[in-house]
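Notes for the one structure printed next.
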Amino acid sequence: MNEKLKQAYERLGLSENVSREEINKRFDLLLKRRRSKSSDDERSAPEEDFQAFKFILDSLDEQEISEAEQQRLAKYGKLSGAASKWERFMRLYKTHVIVSVIVLIVLAVAGNALYNNWQHKKYLASLPPLDASIMFIGNFGLKDPDGKNDDLNEAIIQQYPEWKRVDASISYLPRTGEGADSFDMNFMQKAVVELAANHPDILILDEATLEWIGGQDGFQDIKSIVESGKIAKDDPRLKWGKNPDTGQEELYGVDITDSPFVAALPVNRGDEDMIIGVLADDEVKDKAIALIEHIAGEKAAK
């Protein structure tokens, strides 16, 4: 076991031979503790714990892949080691004669990688500033079979040309039944880790996921869209709740399911609703509110 993995187990107070079931229980306790906090400082405190969980889960996935490979080779019996070496040899080609050619190829590939990296940095430097990061969490999937977010980013910009650059991602969170208590635990863990690690400015969720993460908890109050007269306060798409600290009514989300904006996104959502909320502060919050006004206004104008 490498030192980094050992430190991850030690940070979480777990033994190195702990079962996945015990990891799931400990992760569930961390979720409950995180949701029970009331101040922003306390809410952000366990982020390193989430990073440790992510590292342990990734390591377990790698171990399972390795075990699956061993099972695949088990059919060769005592010759499994030889079969593995033979497969490795075949992947590297068969003769030492072409070693020099391989070295040249490696050098060429390395040089090309360095060039591509330089080109990528040059490309990033030429891009406009990032307007906002958007994370979709729920029973959603990309229509792109390669799982790339480029088409999603482009679709958002096309629907809202006031923005020049966005960083959108999808965290798939399927359900095994009805309600917020029927999520797959492994997907729940990954969704929480991605949320904690990426710090998105805007969240777009389905109804069950919104219920699972605690309704308005953590979202910014965006009732300025009502105060400005852009949307009526009694609009059924609005998600209202009371701040547990102040007792004041706050607007934490807007249902954008039927908007042209959502219809244009390359996202498979089935019959799931889409509810948008804001996590960002200050300037990005103002940008996010302007986006929500635009999306809600589209439906009102139809």
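In the structure tokens, each chain is lettered A, B, ... as it comes, each chain's residues begin at 1, and ligands are numbered from 1 in order of appearance.
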
Contact table stretch 126-146 of chain A vs stretch 186-197 of chain A, cut-off 10 Å, shortest pair per residue, only C-alpha atoms, as CSV:
residue,atom,partner,partner_atom,distance
A:Met135,CA,A:Leu195,CA,8.1
A:Phe136,CA,A:Ala191,CA,10.0
A:Ile137,CA,A:Ala191,CA,7.2
A:Gly138,CA,A:Ala191,CA,8.9

So that I have them on file, write out the residues from the current selection with all heavy atoms, as a tab-separated table (two decimals), in the first residue's frame.
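Written file, part.tsv:
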chain	number	residue	atom	x	y	z
A	135	MET	N	-22.87	22.50	-12.92
A	135	MET	CA	-22.86	21.06	-12.70
A	135	MET	C	-24.29	20.54	-12.69
A	135	MET	O	-25.15	21.06	-11.98
A	135	MET	CB	-22.17	20.69	-11.39
A	135	MET	CG	-22.15	19.18	-11.13
A	135	MET	SD	-21.23	18.72	-9.63
A	135	MET	CE	-19.56	19.00	-10.19
A	136	PHE	N	-24.55	19.54	-13.53
A	136	PHE	CA	-25.82	18.82	-13.53
A	136	PHE	C	-25.66	17.60	-12.63
A	136	PHE	O	-24.76	16.79	-12.84
A	136	PHE	CB	-26.18	18.37	-14.95
A	136	PHE	CG	-26.45	19.47	-15.93
A	136	PHE	CD1	-25.42	20.25	-16.44
A	136	PHE	CD2	-27.74	19.73	-16.37
A	136	PHE	CE1	-25.66	21.25	-17.36
A	136	PHE	CE2	-27.99	20.74	-17.29
A	136	PHE	CZ	-26.94	21.51	-17.79
A	137	ILE	N	-26.51	17.47	-11.63
A	137	ILE	CA	-26.48	16.30	-10.76
A	137	ILE	C	-27.87	15.67	-10.73
A	137	ILE	O	-28.85	16.33	-10.36
A	137	ILE	CB	-26.06	16.65	-9.32
A	137	ILE	CG1	-24.70	17.35	-9.30
A	137	ILE	CG2	-25.99	15.40	-8.47
A	137	ILE	CD1	-24.22	17.70	-7.91
A	138	GLY	N	-27.95	14.43	-11.14
A	138	GLY	CA	-29.24	13.75	-11.14
A	138	GLY	C	-29.26	12.61	-12.13
A	138	GLY	O	-28.22	12.16	-12.62

List every residue of stretch 108-174 of chain A that DSSP, applied to the backbone, labels as helix (DSSP H, G or I), and write the result as a list in words.
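DSSP-assigned helix (DSSP H, G or I) residues in stretch 108-174 of chain A: Ala108, Val109, Ala110, Gly111, Asn112, Ala113, Leu114, Tyr115, Asn116, Asn117, Trp118, Gln119, His120, Lys121, Lys122, Tyr123, Leu124, Ala125, Ser126, Asp150, Asp151, Leu152, Asn153, Glu154, Ala155, Ile156, Ile157, Gln158 and Gln159 of chain A.
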
Which polymer residues have any atom within 12 Å of an atom of A:Ala288, counting only C-alpha atoms, with same-chain residues fewer than 5 positions away left out, as JSON, numbers by chain?
{"A": [131, 132, 133, 134, 160, 162, 163, 166, 200, 201, 202, 203, 204, 220, 221, 222, 224, 225, 253, 254, 276, 277, 278, 279, 280, 281, 282, 283, 293, 294, 295]}

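You will find atom CA of A:Ala296 at 7.6 Å from atom CA of A:Ile231.
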
Close residues, A:Ser19 itself excluded, 12 Å, only C-alpha atoms, min 4 positions apart in chain, as a PyMOL selection string
chain A and resi 9+14-15+23-26+56-57+60

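Atom CA of A:Ile275 lies 5.2 Å from atom CA of A:Leu205.
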